[in-house]
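Heads up, coords01.txt below (compact mmCIF, C-alpha atoms (C1' of nucleotides)):
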```txt
# COMPACT_ATOMS: atom_id res chain seq x y z
CA MET F 1 123.85 77.41 35.83
CA PRO F 2 124.60 76.95 39.53
CA GLU F 3 122.25 79.06 41.59
CA PRO F 4 122.56 79.99 45.25
CA GLU F 5 121.13 76.94 47.02
CA PRO F 6 118.64 77.70 49.80
CA ALA F 7 120.36 76.04 52.74
CA PRO F 8 121.22 72.56 51.53
CA ALA F 9 120.14 70.99 54.83
CA LYS F 10 122.50 68.35 56.11
CA ARG F 11 119.81 65.98 57.31
CA GLY F 12 116.73 64.39 55.75
CA GLY F 13 118.08 66.04 52.66
CA TYR F 14 115.05 66.44 50.44
CA ALA F 15 115.52 70.20 50.38
CA LYS F 16 117.54 70.18 47.19
CA GLY F 17 115.19 67.86 45.35
CA ASP F 18 112.13 69.78 46.43
CA ALA F 19 113.71 73.06 45.47
CA ARG F 20 114.44 71.77 42.00
CA LYS F 21 110.91 70.43 41.76
CA GLN F 22 109.51 73.82 42.72
CA GLN F 23 111.77 75.50 40.15
CA ILE F 24 110.41 73.24 37.44
CA LEU F 25 106.86 73.86 38.62
CA ASP F 26 107.26 77.63 38.61
CA ARG F 27 108.59 77.57 35.08
CA ALA F 28 105.85 75.20 33.96
CA ILE F 29 103.17 77.52 35.31
CA GLU F 30 104.66 80.40 33.33
CA VAL F 31 104.54 78.27 30.22
CA PHE F 32 100.88 77.46 30.77
CA ALA F 33 100.05 81.09 31.44
CA GLN F 34 101.73 82.16 28.23
CA ARG F 35 100.79 79.43 25.80
CA GLY F 36 97.77 77.79 27.35
CA ALA F 37 97.46 74.06 27.81
CA ASN F 38 98.20 73.53 24.13
CA LYS F 39 100.54 70.82 22.99
CA THR F 40 101.33 69.82 26.53
CA SER F 41 103.38 66.76 25.93
CA LEU F 42 106.12 65.83 28.33
CA ARG F 43 108.62 66.68 25.63
CA ALA F 44 107.11 70.11 24.95
CA ILE F 45 107.03 71.04 28.63
CA ALA F 46 110.52 69.69 29.14
CA GLU F 47 111.86 71.79 26.29
CA ALA F 48 110.23 74.94 27.67
CA VAL F 49 111.55 74.25 31.15
CA GLY F 50 115.01 73.41 29.87
CA VAL F 51 115.36 69.76 30.84
CA THR F 52 114.55 66.48 29.16
CA HIS F 53 111.28 64.63 29.50
CA GLY F 54 113.02 61.98 31.54
CA THR F 55 113.79 64.56 34.21
CA LEU F 56 110.14 65.51 34.51
CA ILE F 57 109.18 61.86 34.90
CA HIS F 58 111.83 61.55 37.56
CA HIS F 59 110.39 64.42 39.59
CA PHE F 60 106.68 63.97 39.04
CA GLY F 61 106.19 60.35 38.02
CA SER F 62 103.93 60.93 35.03
CA LEU F 63 102.55 63.64 32.79
CA GLU F 64 99.23 63.55 34.60
CA GLU F 65 100.78 64.03 38.01
CA LEU F 66 102.76 66.96 36.68
CA LEU F 67 99.60 68.54 35.29
CA VAL F 68 97.82 68.11 38.61
CA ALA F 69 100.76 69.70 40.42
CA VAL F 70 100.71 72.64 38.00
CA TYR F 71 97.00 73.22 38.47
CA LEU F 72 97.15 73.04 42.25
CA ALA F 73 100.12 75.40 42.40
CA GLY F 74 98.40 77.87 40.08
CA ASP F 75 95.25 77.75 42.17
CA LYS F 76 97.00 78.73 45.38
CA SER F 77 97.23 82.40 44.44
CA VAL F 78 93.47 82.60 43.98
CA ASP F 79 92.94 80.90 47.27
CA ALA F 80 95.19 83.30 49.08
CA ARG F 81 93.34 86.33 47.79
CA LEU F 82 90.00 84.92 48.94
CA GLU F 83 91.16 84.48 52.50
CA LEU F 84 91.27 88.24 52.76
CA SER F 85 87.62 89.04 52.14
CA GLU F 86 85.16 88.44 54.94
CA ASN F 87 82.20 86.12 54.73
CA PRO F 88 81.96 86.15 50.95
CA SER F 89 78.89 84.64 49.36
CA PRO F 90 79.40 81.35 47.51
CA VAL F 91 78.83 83.03 44.20
CA GLU F 92 81.31 85.78 45.05
CA ILE F 93 83.93 83.11 45.54
CA MET F 94 83.17 81.74 42.11
CA ILE F 95 83.20 85.18 40.53
CA GLU F 96 86.61 85.89 42.02
CA SER F 97 87.92 82.56 40.80
CA ALA F 98 86.45 83.18 37.35
CA ARG F 99 88.19 86.54 37.26
CA ALA F 100 91.52 84.90 37.97
CA ASN F 101 90.94 82.24 35.33
CA ARG F 102 89.99 84.83 32.77
CA ALA F 103 93.47 86.30 33.16
CA VAL F 104 95.09 82.91 32.68
CA PRO F 105 92.95 80.90 30.26
CA GLY F 106 95.50 78.12 30.22
CA MET F 107 94.34 77.18 33.70
CA VAL F 108 90.75 76.66 32.53
CA GLN F 109 91.94 74.51 29.65
CA LEU F 110 94.07 72.55 32.07
CA TYR F 111 91.11 72.11 34.41
CA SER F 112 88.93 70.85 31.55
CA THR F 113 91.58 68.44 30.41
CA LEU F 114 92.04 67.05 33.89
CA MET F 115 88.29 66.66 34.42
CA ALA F 116 87.82 64.91 31.09
CA ALA F 117 90.63 62.52 31.99
CA ALA F 118 89.22 62.05 35.49
CA ILE F 119 85.88 60.67 34.36
CA GLU F 120 87.51 58.08 32.15
CA GLU F 121 88.90 54.93 33.60
CA GLY F 122 92.60 54.35 33.67
CA HIS F 123 93.67 57.83 34.79
CA PRO F 124 94.12 57.37 38.53
CA ALA F 125 96.06 60.59 39.14
CA ALA F 126 93.40 62.72 37.45
CA THR F 127 90.53 60.82 39.07
CA ASP F 128 92.03 61.17 42.53
CA PHE F 129 92.64 64.86 41.97
CA ALA F 130 89.10 65.51 40.74
CA THR F 131 87.39 63.51 43.46
CA GLU F 132 89.38 65.19 46.18
CA TRP F 133 88.93 68.59 44.52
CA PHE F 134 85.17 68.42 44.44
CA ARG F 135 85.05 67.04 47.95
CA THR F 136 87.10 69.93 49.29
CA VAL F 137 85.46 72.69 47.28
CA ARG F 138 81.96 71.43 48.02
CA GLU F 139 82.76 71.20 51.71
CA ASN F 140 84.11 74.72 51.65
CA ILE F 141 81.11 76.11 49.79
CA VAL F 142 78.60 74.29 51.98
CA GLN F 143 80.15 76.04 54.96
CA ARG F 144 79.90 79.43 53.25
CA VAL F 145 76.27 78.77 52.39
CA ARG F 146 75.49 78.01 56.02
CA GLU F 147 77.24 81.19 57.16
CA ASN F 148 75.36 83.24 54.61
CA GLN F 149 72.08 81.65 55.62
CA GLN F 150 72.72 82.50 59.25
CA ALA F 151 73.57 86.05 58.24
CA GLY F 152 70.26 86.25 56.41
CA ARG F 153 71.87 86.69 53.01
CA ILE F 154 70.78 83.39 51.51
CA ARG F 155 67.32 81.88 51.80
CA ALA F 156 67.32 79.65 54.86
CA ASP F 157 65.01 77.06 53.30
CA LEU F 158 67.56 75.87 50.74
CA ASP F 159 69.61 72.70 51.16
CA PRO F 160 73.24 73.84 51.52
CA ARG F 161 74.65 70.81 49.74
CA ALA F 162 72.39 71.25 46.72
CA VAL F 163 73.19 74.96 46.60
CA ALA F 164 76.91 74.24 46.77
CA SER F 165 76.79 71.68 43.96
CA LEU F 166 74.69 74.02 41.86
CA VAL F 167 77.02 76.98 42.34
CA ILE F 168 80.12 74.94 41.54
CA ALA F 169 78.52 73.33 38.49
CA ALA F 170 77.30 76.68 37.18
CA SER F 171 80.72 78.22 37.60
CA ASP F 172 82.51 75.36 35.84
CA GLY F 173 80.02 75.20 32.98
CA LEU F 174 80.01 78.93 32.42
CA GLN F 175 83.77 79.07 32.12
CA THR F 176 83.65 76.51 29.33
CA GLN F 177 80.92 78.42 27.53
CA TRP F 178 82.81 81.65 27.91
CA LEU F 179 86.06 80.23 26.51
CA LEU F 180 84.21 79.12 23.39
CA ASP F 181 82.23 82.30 22.99
CA ASP F 182 83.29 85.36 24.91
CA THR F 183 79.86 86.90 24.45
CA ALA F 184 78.38 84.17 26.65
CA PRO F 185 76.84 85.93 29.66
CA GLN F 186 79.22 84.53 32.24
CA SER F 187 79.08 87.31 34.84
CA GLU F 188 75.39 87.94 34.21
CA ALA F 189 74.48 84.32 34.79
CA LEU F 190 76.54 84.13 37.97
CA GLN F 191 75.01 87.36 39.21
CA LEU F 192 71.58 85.98 38.35
CA LEU F 193 72.26 82.93 40.48
CA GLU F 194 73.42 85.16 43.31
CA ASP F 195 70.16 87.09 43.13
CA LEU F 196 68.05 83.95 43.00
CA LEU F 197 69.66 82.58 46.14
CA ARG F 198 69.26 85.81 48.08
CA THR F 199 66.73 86.15 50.80
CA ASP F 200 63.53 87.56 49.30
CA GLU F 201 63.67 91.29 49.10
CA MET M 202 79.81 39.03 4.04
CA PRO M 203 77.53 40.33 1.30
CA GLU M 204 74.44 41.86 2.80
CA PRO M 205 71.22 42.73 0.99
CA GLU M 206 72.03 46.14 -0.42
CA PRO M 207 69.35 48.79 0.11
CA ALA M 208 68.63 49.79 -3.48
CA PRO M 209 72.06 50.57 -4.96
CA ALA M 210 70.71 53.63 -6.79
CA LYS M 211 72.03 54.03 -10.32
CA ARG M 212 72.49 57.78 -10.09
CA GLY M 213 74.16 60.11 -7.64
CA GLY M 214 75.21 56.85 -6.04
CA TYR M 215 76.25 57.81 -2.54
CA ALA M 216 73.66 55.46 -1.07
CA LYS M 217 76.13 52.64 -0.58
CA GLY M 218 78.79 54.81 0.99
CA ASP M 219 76.36 56.52 3.32
CA ALA M 220 74.89 53.19 4.35
CA ARG M 221 78.32 51.86 5.26
CA LYS M 222 79.03 55.06 7.15
CA GLN M 223 75.80 54.67 9.11
CA GLN M 224 76.64 51.03 9.82
CA ILE M 225 79.98 52.05 11.27
CA LEU M 226 78.34 54.80 13.29
CA ASP M 227 75.70 52.48 14.75
CA ARG M 228 78.33 50.01 15.83
CA ALA M 229 80.55 52.74 17.24
CA ILE M 230 77.68 54.03 19.37
CA GLU M 231 77.15 50.55 20.80
CA VAL M 232 80.83 50.38 21.64
CA PHE M 233 80.69 53.69 23.46
CA ALA M 234 77.57 52.66 25.32
CA GLN M 235 79.22 49.48 26.51
CA ARG M 236 82.74 50.55 27.24
CA GLY M 237 82.57 54.30 27.65
CA ALA M 238 84.87 56.68 25.86
CA ASN M 239 87.87 54.79 27.14
CA LYS M 240 90.84 54.12 24.94
CA THR M 241 89.19 55.66 21.95
CA SER M 242 91.95 55.54 19.45
CA LEU M 243 91.13 55.07 15.81
CA ARG M 244 92.64 51.61 16.01
CA ALA M 245 90.61 50.61 19.07
CA ILE M 246 87.35 51.78 17.53
CA ALA M 247 88.23 50.19 14.21
CA GLU M 248 88.93 46.89 15.91
CA ALA M 249 85.62 46.98 17.76
CA VAL M 250 83.72 47.89 14.61
CA GLY M 251 85.54 45.26 12.59
CA VAL M 252 87.47 47.34 10.07
CA THR M 253 90.88 48.96 10.04
CA HIS M 254 91.68 52.46 11.12
CA GLY M 255 92.24 53.46 7.52
CA THR M 256 88.60 52.69 6.77
CA LEU M 257 87.44 55.04 9.51
CA ILE M 258 89.69 57.79 8.20
CA HIS M 259 88.27 57.23 4.75
CA HIS M 260 84.69 57.67 5.94
CA PHE M 261 85.06 60.35 8.59
CA GLY M 262 88.29 62.15 7.84
CA SER M 263 89.76 62.13 11.34
CA LEU M 264 89.28 60.72 14.82
CA GLU M 265 87.78 63.95 16.04
CA GLU M 266 85.20 64.10 13.28
CA LEU M 267 84.21 60.52 14.01
CA LEU M 268 83.75 61.34 17.70
CA VAL M 269 81.59 64.33 16.84
CA ALA M 270 79.48 62.19 14.53
CA VAL M 271 79.04 59.55 17.24
CA TYR M 272 77.96 62.12 19.80
CA LEU M 273 75.49 63.82 17.48
CA ALA M 274 73.99 60.49 16.43
CA GLY M 275 73.65 59.36 20.04
CA ASP M 276 72.03 62.63 20.99
CA LYS M 277 69.27 62.33 18.42
CA SER M 278 67.29 59.82 20.45
CA VAL M 279 67.13 62.19 23.40
CA ASP M 280 66.06 64.98 21.13
CA ALA M 281 63.29 62.93 19.62
CA ARG M 282 61.79 62.08 22.99
CA LEU M 283 61.73 65.73 24.03
CA GLU M 284 59.73 66.78 21.01
CA LEU M 285 56.84 64.84 22.45
CA SER M 286 56.33 66.72 25.70
CA GLU M 287 54.61 70.07 25.53
CA ASN M 288 56.12 73.33 26.68
CA PRO M 289 58.68 71.75 29.01
CA SER M 290 60.58 74.03 31.33
CA PRO M 291 64.26 74.57 30.53
CA VAL M 292 65.27 72.59 33.57
CA GLU M 293 62.94 69.73 32.63
CA ILE M 294 64.77 69.49 29.33
CA MET M 295 68.06 69.21 31.18
CA ILE M 296 66.68 66.65 33.61
CA GLU M 297 65.45 64.49 30.75
CA SER M 298 68.80 64.75 29.00
CA ALA M 299 70.60 63.92 32.26
CA ARG M 300 68.41 60.86 32.65
CA ALA M 301 69.39 59.65 29.18
CA ASN M 302 73.08 60.28 29.87
CA ARG M 303 72.89 58.44 33.15
CA ALA M 304 71.88 55.33 31.21
CA VAL M 305 74.81 55.73 28.81
CA PRO M 306 77.71 57.25 30.74
CA GLY M 307 79.98 56.87 27.73
CA MET M 308 78.16 59.78 26.16
CA VAL M 309 79.02 62.10 29.04
CA GLN M 310 82.64 61.09 28.87
CA LEU M 311 82.59 61.69 25.15
CA TYR M 312 81.01 65.11 25.67
CA SER M 313 83.68 66.05 28.20
CA THR M 314 86.45 64.89 25.93
CA LEU M 315 85.07 66.89 23.03
CA MET M 316 84.64 70.03 25.14
CA ALA M 317 88.15 69.76 26.54
CA ALA M 318 89.52 69.44 23.02
CA ALA M 319 87.30 72.27 21.81
CA ILE M 320 88.76 74.89 24.13
CA GLU M 321 92.29 74.10 23.07
CA GLU M 322 93.68 75.44 19.87
CA GLY M 323 94.39 73.11 17.00
CA HIS M 324 91.22 71.03 17.22
CA PRO M 325 89.00 72.63 14.56
CA ALA M 326 86.45 69.82 14.36
CA ALA M 327 85.84 69.82 18.10
CA THR M 328 85.83 73.61 18.31
CA ASP M 329 83.33 73.92 15.49
CA PHE M 330 81.13 71.28 17.05
CA ALA M 331 81.18 72.89 20.50
CA THR M 332 80.58 76.42 19.24
CA GLU M 333 77.68 75.33 17.09
CA TRP M 334 76.37 73.09 19.85
CA PHE M 335 76.19 75.85 22.45
CA ARG M 336 74.75 78.26 19.92
CA THR M 337 71.92 75.85 19.07
CA VAL M 338 71.20 74.67 22.59
CA ARG M 339 71.27 78.19 24.02
CA GLU M 340 68.96 79.41 21.26
CA ASN M 341 66.60 76.55 21.97
CA ILE M 342 66.61 77.13 25.72
CA VAL M 343 66.18 80.90 25.38
CA GLN M 344 63.02 80.21 23.40
CA ARG M 345 61.73 77.83 26.07
CA VAL M 346 62.46 80.39 28.76
CA ARG M 347 60.43 83.00 26.89
CA GLU M 348 57.52 80.60 26.47
CA ASN M 349 57.62 79.71 30.14
CA GLN M 350 57.78 83.36 31.10
CA GLN M 351 54.72 84.11 28.99
CA ALA M 352 52.94 81.17 30.58
CA GLY M 353 53.75 82.61 33.98
CA ARG M 354 55.91 79.69 35.01
CA ILE M 355 59.23 81.52 35.12
CA ARG M 356 59.79 84.93 36.66
CA ALA M 357 59.30 87.49 33.90
CA ASP M 358 62.00 89.82 35.22
CA LEU M 359 64.88 87.44 34.38
CA ASP M 360 67.06 87.81 31.29
CA PRO M 361 66.33 84.77 29.10
CA ARG M 362 69.85 84.54 27.78
CA ALA M 363 71.42 84.57 31.24
CA VAL M 364 68.89 81.98 32.44
CA ALA M 365 69.64 79.76 29.45
CA SER M 366 73.41 79.92 29.97
CA LEU M 367 72.98 79.24 33.67
CA VAL M 368 70.74 76.23 33.13
CA ILE M 369 73.05 74.71 30.53
CA ALA M 370 76.15 75.33 32.63
CA ALA M 371 74.53 73.84 35.72
CA SER M 372 73.46 70.76 33.82
CA ASP M 373 76.90 70.18 32.29
CA GLY M 374 78.73 70.78 35.54
CA LEU M 375 76.45 68.54 37.58
CA GLN M 376 76.90 65.63 35.21
CA THR M 377 80.66 65.81 35.72
CA GLN M 378 80.28 65.96 39.48
CA TRP M 379 77.87 63.04 39.43
CA LEU M 380 80.16 60.85 37.33
CA LEU M 381 82.94 61.36 39.85
CA ASP M 382 80.75 60.92 42.90
CA ASP M 383 77.33 59.41 42.49
CA THR M 384 76.22 60.86 45.80
CA ALA M 385 76.52 64.36 44.33
CA PRO M 386 73.03 65.90 44.49
CA GLN M 387 72.48 66.11 40.75
CA SER M 388 68.67 65.91 40.64
CA GLU M 389 68.31 67.94 43.82
CA ALA M 390 70.43 70.77 42.49
CA LEU M 391 68.56 70.85 39.17
CA GLN M 392 65.25 70.80 41.00
CA LEU M 393 66.50 73.61 43.21
CA LEU M 394 67.31 75.69 40.16
CA GLU M 395 63.86 74.96 38.75
CA ASP M 396 62.29 76.21 41.98
CA LEU M 397 64.42 79.32 42.09
CA LEU M 398 63.42 80.31 38.58
CA ARG M 399 59.72 79.76 39.21
CA THR M 400 57.37 82.65 39.56
CA ASP M 401 57.06 83.53 43.23
CA GLU M 402 54.56 81.34 44.92
C1' DG K 403 84.21 53.54 -4.52
C1' DT K 404 85.99 50.94 -0.83
C1' DC K 405 89.45 49.16 1.73
C1' DT K 406 94.36 47.36 3.13
C1' DA K 407 99.08 48.07 3.94
C1' DT K 408 102.58 50.78 5.15
C1' DA K 409 105.53 54.97 5.76
C1' DG K 410 106.96 58.57 8.79
C1' DG K 411 106.72 60.84 12.97
C1' DG K 412 105.21 61.92 17.94
C1' DC K 413 103.92 60.22 22.33
C1' DG K 414 104.56 58.30 27.46
C1' DA K 415 107.27 55.46 29.96
C1' DT K 416 111.38 52.68 31.28
C1' DA K 417 116.33 51.18 31.85
C1' DG K 418 120.69 52.16 32.66
C1' DA K 419 125.07 55.07 31.89
C1' DC K 420 127.26 59.06 33.82
C1' DG H 421 119.77 64.18 39.20
C1' DT H 422 120.14 64.20 34.64
C1' DC H 423 121.00 62.29 30.57
C1' DT H 424 120.55 58.96 26.21
C1' DA H 425 118.58 55.09 24.11
C1' DT H 426 114.88 52.44 23.35
C1' DC H 427 110.22 50.15 23.56
C1' DG H 428 105.52 49.92 22.19
C1' DC H 429 101.72 52.54 21.08
C1' DC H 430 99.41 56.05 18.74
C1' DC H 431 98.54 59.34 14.96
C1' DT H 432 97.91 61.13 9.90
C1' DA H 433 98.45 60.43 5.24
C1' DT H 434 99.07 58.04 1.02
C1' DA H 435 99.76 54.36 -2.50
C1' DG H 436 97.66 51.00 -4.65
C1' DA H 437 94.88 46.36 -4.52
C1' DC H 438 90.24 44.95 -5.12
```
Taking this structure as input, can you express it in the form of C-alpha cells?
Amino acid sequence: MPEPEPAPAKRGGYAKGDARKQQILDRAIEVFAQRGANKTSLRAIAEAVGVTHGTLIHHFGSLEELLVAVYLAGDKSVDARLELSENPSPVEIMIESARANRAVPGMVQLYSTLMAAAIEEGHPAATDFATEWFRTVRENIVQRVRENQQAGRIRADLDPRAVASLVIAASDGLQTQWLLDDTAPQSEALQLLEDLLRTDE
Amino acid sequence: MPEPEPAPAKRGGYAKGDARKQQILDRAIEVFAQRGANKTSLRAIAEAVGVTHGTLIHHFGSLEELLVAVYLAGDKSVDARLELSENPSPVEIMIESARANRAVPGMVQLYSTLMAAAIEEGHPAATDFATEWFRTVRENIVQRVRENQQAGRIRADLDPRAVASLVIAASDGLQTQWLLDDTAPQSEALQLLEDLLRTDE
DNA sequence: GTCTATAGGGCGATAGAC
DNA sequence: GTCTATCGCCCTATAGAC
C-alpha cells in the first residue's frame, strides 16, 4: 500500500523512517484506546499494526521502548489542552488529566504497567521514563503551586514541593482505585484536596 | 531431609500440606525481602525455595496466587503492630505502613506488580485481591476517620469516604515516587496531608 | 498426598536473507 | 525496511513416580 510520501527529503534522509515510525505509533495508540493495554506482546501489537514483531523491534528497539513512546504520544493531547487554560490550580490539572484518562482507560493501564516495571531492576527504559516523568511533572506542578500561592489561591505556608508530590500521588493512586471500583470517589477526593489546599475562607 | 513433623493429625489431615505451604511461603517472603520482586518467575522462586515450579503450582495454583499469598503474609506483621497503638489517625496508619515498606522494598514492588496486573483483564487472582484489598482498607480507614472526627482531631465537615480514598491514594502514590527518587518528600507530603485534615487550629 | 518430569505453546530478542 | 528463522526463556497443565 504505497501512500503519498511527505516530501522524501534528499538529505539527512530520516524523514521516511520517522514517518513510518509515526504511522506505527498512531496505529498502536488506536489499538490501546480500543483494547486497553491487554495482551500487549510485541507479536499482538505487530499483528494489529500490520507488520511483524521484528519490524517493531527495528523501529523502537524493544517492547518497553515502544510502550514508553506510545504513552508519551498519547499524553501530548492532554498536554495541549491544558496549555489553553490560564493559571490552573495543580488539582485542576490533575482533574483534567483524569478526565482524559477516563476516556481512554488503556492509558492508565499502560501507565501502571510502566511504573511497576520502572521500580524493578533490569528495566532501564521504563526506569528512565518514570524518573524523568516525575521530575518533569513535579517541576511543572511546583511552579503552578507557587503561582497559585502568589495569587492567594493556595495557602502560602505550604511547602510547594510537598504539595506537588502529594497532588501527583493522590491523582495516580485515585486512578488505580477508580479503575478497580468505579464507585471510588475519585472526583470527590480530588476536589477535597483542592479545598484543603485553598487559602482559608 | 526429614524434619520433626508437627503432629501429623490422623483425621482431616491437611496439617502436613498446610505446614509445607507455610514453609514455602516463609522462604518466599525472605527471597522477596532480599532480592525484591525481580525476576519472579515460578522457576526462579522455586529455585530459591528449593523445589521445582511444579511444586509451587501444586500448592498455590498459579504464579499470581502465590504472589498474592506472599504479599498478604508479609503484610500481617505490619497489621499486627498497628493493633497496638490506640486511635491512630488515618495518616499515621499510612506512615507506619510506609515505614515497614521502606525496610522491605520488595513488598512495594510486589504491590505495584499486583496492582498493575489487577487493572488489566485476564488476571482474576490479582483483580480479586486488589478489589478486596481496597474494600477492606477503605472500610478500615473510613472507620478511623469517623473516630478521629468524633475525637475532634479531624475536621468534622469532611466526607469520610473521600478522605479515606485520598489518604490511601496519596500513600500508594508517594511510595512509588520514593522508590524512583529517594529525595521525593514522602514523609513531608504525608505529614502535610495530616495537617490539612486536622481540625483548624 | 506430594513431588518430578515433560509436553505444548507463547514470549522477547537476534541474525541474516531479500 | 521488512521479512523469516531461530534461540533461550517463560508459562500452564498433566501424567505418573514415590
Sort by chain and increasing residue number a table of all residues of chain K within 10 Å of chain M, each with its closest pair of atoms and their distance in Å to one decimal, counting all atoms listed in the file, and write it as a tab-separated table.
```
residue	atom	partner	partner_atom	distance
K:DG403	C1'	M:Gly218	CA	7.8
K:DT404	C1'	M:Thr256	CA	8.2
K:DC405	C1'	M:Thr256	CA	6.2
K:DT406	C1'	M:Gly255	CA	7.8
K:DA407	C1'	M:Gly255	CA	9.4
```
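Each of M:Met316, M:Ile225, M:Val232, M:Ala247 was checked against chain F using only C-alpha atoms; the smallest atom-to-atom distance is that of M:Met316.
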inquiry  = Report as a list in words all protein, DNA and RNA residues lying within 10 Å of Gly323 (chain M), evaluated on all atoms listed in the file, omitting residues in the same chain fewer than 5 positions from it.
reply    = Asn38 and Lys39 of chain F; Ala318 and Thr328 of chain M
message = Applying 9 Å and only C-alpha atoms (C1' of nucleotides), which residues near region 426-432 of chain H remain after dropping the ones on its own chain fewer than 2 positions away? List them as a VMD selection string.
response = (chain M and resid 242 to 244 263) or (chain K and resid 411 to 413 415 to 417)
Print the selection's residues with C-alpha atoms (C1' of nucleotides) to a file, as a short mmCIF file (atom, residue, chain, number, x, y, z; two decimals), keeping the file's coordinate frame.
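As written to disk, part_15.cif reads:
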```cif
data_model
loop_
_atom_site.label_atom_id
_atom_site.label_comp_id
_atom_site.auth_asym_id
_atom_site.auth_seq_id
_atom_site.Cartn_x
_atom_site.Cartn_y
_atom_site.Cartn_z
CA SER M 242 91.95 55.54 19.45
CA LEU M 243 91.13 55.07 15.81
CA ARG M 244 92.64 51.61 16.01
CA SER M 263 89.76 62.13 11.34
"C1'" DG K 411 106.72 60.84 12.97
"C1'" DG K 412 105.21 61.92 17.94
"C1'" DC K 413 103.92 60.22 22.33
"C1'" DA K 415 107.27 55.46 29.96
"C1'" DT K 416 111.38 52.68 31.28
"C1'" DA K 417 116.33 51.18 31.85
#
```
With 10 Å as the cut-off and all atoms listed in the file counted, what is the closest atom pair between each nearby residue of chain H and chain F? Distances in Å to one decimal, ordered by chain and number, as a tab-separated table.
```
residue	atom	partner	partner_atom	distance
H:DG421	C1'	F:Thr55	CA	7.8
H:DT422	C1'	F:Thr55	CA	6.4
H:DC423	C1'	F:Thr52	CA	7.8
H:DT424	C1'	F:Gly54	CA	9.7
```
Would you mind listing, for every residue of chain F within 8 Å of chain M, the two atoms forming the shortest contact and the distance between them in Å to one decimal, using all atoms listed in the file, sorted by chain and ascending residue number, as JSON lines?
```
{"residue": "F:Gly36", "atom": "CA", "partner": "M:Glu321", "partner_atom": "CA", "distance": 7.9}
{"residue": "F:Ala37", "atom": "CA", "partner": "M:Glu321", "partner_atom": "CA", "distance": 7.0}
{"residue": "F:Asn38", "atom": "CA", "partner": "M:Glu321", "partner_atom": "CA", "distance": 6.0}
{"residue": "F:Gln109", "atom": "CA", "partner": "M:Ile320", "partner_atom": "CA", "distance": 6.4}
{"residue": "F:Ser112", "atom": "CA", "partner": "M:Ala317", "partner_atom": "CA", "distance": 5.2}
{"residue": "F:Thr113", "atom": "CA", "partner": "M:Ala317", "partner_atom": "CA", "distance": 5.3}
{"residue": "F:Met115", "atom": "CA", "partner": "M:Ser313", "partner_atom": "CA", "distance": 7.8}
{"residue": "F:Ala116", "atom": "CA", "partner": "M:Ser313", "partner_atom": "CA", "distance": 5.2}
{"residue": "F:Ala117", "atom": "CA", "partner": "M:Thr314", "partner_atom": "CA", "distance": 7.7}
{"residue": "F:Ala118", "atom": "CA", "partner": "M:Leu381", "partner_atom": "CA", "distance": 7.7}
{"residue": "F:Ile119", "atom": "CA", "partner": "M:Leu381", "partner_atom": "CA", "distance": 6.3}
{"residue": "F:Glu120", "atom": "CA", "partner": "M:Asn239", "partner_atom": "CA", "distance": 6.0}
{"residue": "F:Glu121", "atom": "CA", "partner": "M:Asn239", "partner_atom": "CA", "distance": 6.5}
{"residue": "F:Thr127", "atom": "CA", "partner": "M:Leu381", "partner_atom": "CA", "distance": 7.6}
{"residue": "F:Ala130", "atom": "CA", "partner": "M:Leu381", "partner_atom": "CA", "distance": 7.5}
{"residue": "F:Thr131", "atom": "CA", "partner": "M:Leu381", "partner_atom": "CA", "distance": 6.1}
{"residue": "F:Phe134", "atom": "CA", "partner": "M:Gln378", "partner_atom": "CA", "distance": 7.4}
{"residue": "F:Leu158", "atom": "CA", "partner": "M:Leu393", "partner_atom": "CA", "distance": 7.9}
{"residue": "F:Arg161", "atom": "CA", "partner": "M:Pro386", "partner_atom": "CA", "distance": 7.4}
{"residue": "F:Ala162", "atom": "CA", "partner": "M:Ala390", "partner_atom": "CA", "distance": 4.7}
{"residue": "F:Val163", "atom": "CA", "partner": "M:Ala390", "partner_atom": "CA", "distance": 6.5}
{"residue": "F:Ser165", "atom": "CA", "partner": "M:Ala390", "partner_atom": "CA", "distance": 6.6}
{"residue": "F:Leu166", "atom": "CA", "partner": "M:Ala390", "partner_atom": "CA", "distance": 5.4}
{"residue": "F:Val167", "atom": "CA", "partner": "M:Ala371", "partner_atom": "CA", "distance": 7.7}
{"residue": "F:Ile168", "atom": "CA", "partner": "M:Gly374", "partner_atom": "CA", "distance": 7.4}
{"residue": "F:Ala169", "atom": "CA", "partner": "M:Gly374", "partner_atom": "CA", "distance": 3.9}
{"residue": "F:Ala170", "atom": "CA", "partner": "M:Ala371", "partner_atom": "CA", "distance": 4.2}
{"residue": "F:Ser171", "atom": "CA", "partner": "M:Ala370", "partner_atom": "CA", "distance": 7.3}
{"residue": "F:Asp172", "atom": "CA", "partner": "M:Gly374", "partner_atom": "CA", "distance": 5.9}
{"residue": "F:Gly173", "atom": "CA", "partner": "M:Ala370", "partner_atom": "CA", "distance": 3.9}
{"residue": "F:Leu174", "atom": "CA", "partner": "M:Ala370", "partner_atom": "CA", "distance": 5.3}
{"residue": "F:Thr176", "atom": "CA", "partner": "M:Ile320", "partner_atom": "CA", "distance": 7.5}
{"residue": "F:Gln177", "atom": "CA", "partner": "M:Phe335", "partner_atom": "CA", "distance": 7.4}
{"residue": "F:Leu179", "atom": "CA", "partner": "M:Ile320", "partner_atom": "CA", "distance": 6.4}
{"residue": "F:Leu180", "atom": "CA", "partner": "M:Thr332", "partner_atom": "CA", "distance": 6.1}
{"residue": "F:Asp181", "atom": "CA", "partner": "M:Thr332", "partner_atom": "CA", "distance": 7.2}
{"residue": "F:Ala184", "atom": "CA", "partner": "M:Ser366", "partner_atom": "CA", "distance": 7.3}
{"residue": "F:Pro185", "atom": "CA", "partner": "M:Ala363", "partner_atom": "CA", "distance": 5.8}
{"residue": "F:Gln186", "atom": "CA", "partner": "M:Ser366", "partner_atom": "CA", "distance": 7.8}
{"residue": "F:Glu188", "atom": "CA", "partner": "M:Ala363", "partner_atom": "CA", "distance": 6.0}
{"residue": "F:Ala189", "atom": "CA", "partner": "M:Ala363", "partner_atom": "CA", "distance": 4.7}
{"residue": "F:Leu190", "atom": "CA", "partner": "M:Leu367", "partner_atom": "CA", "distance": 7.4}
{"residue": "F:Leu192", "atom": "CA", "partner": "M:Ala363", "partner_atom": "CA", "distance": 7.3}
{"residue": "F:Leu193", "atom": "CA", "partner": "M:Leu367", "partner_atom": "CA", "distance": 7.8}
{"residue": "F:Leu196", "atom": "CA", "partner": "M:Leu397", "partner_atom": "CA", "distance": 6.0}
{"residue": "F:Leu197", "atom": "CA", "partner": "M:Leu397", "partner_atom": "CA", "distance": 7.4}
```
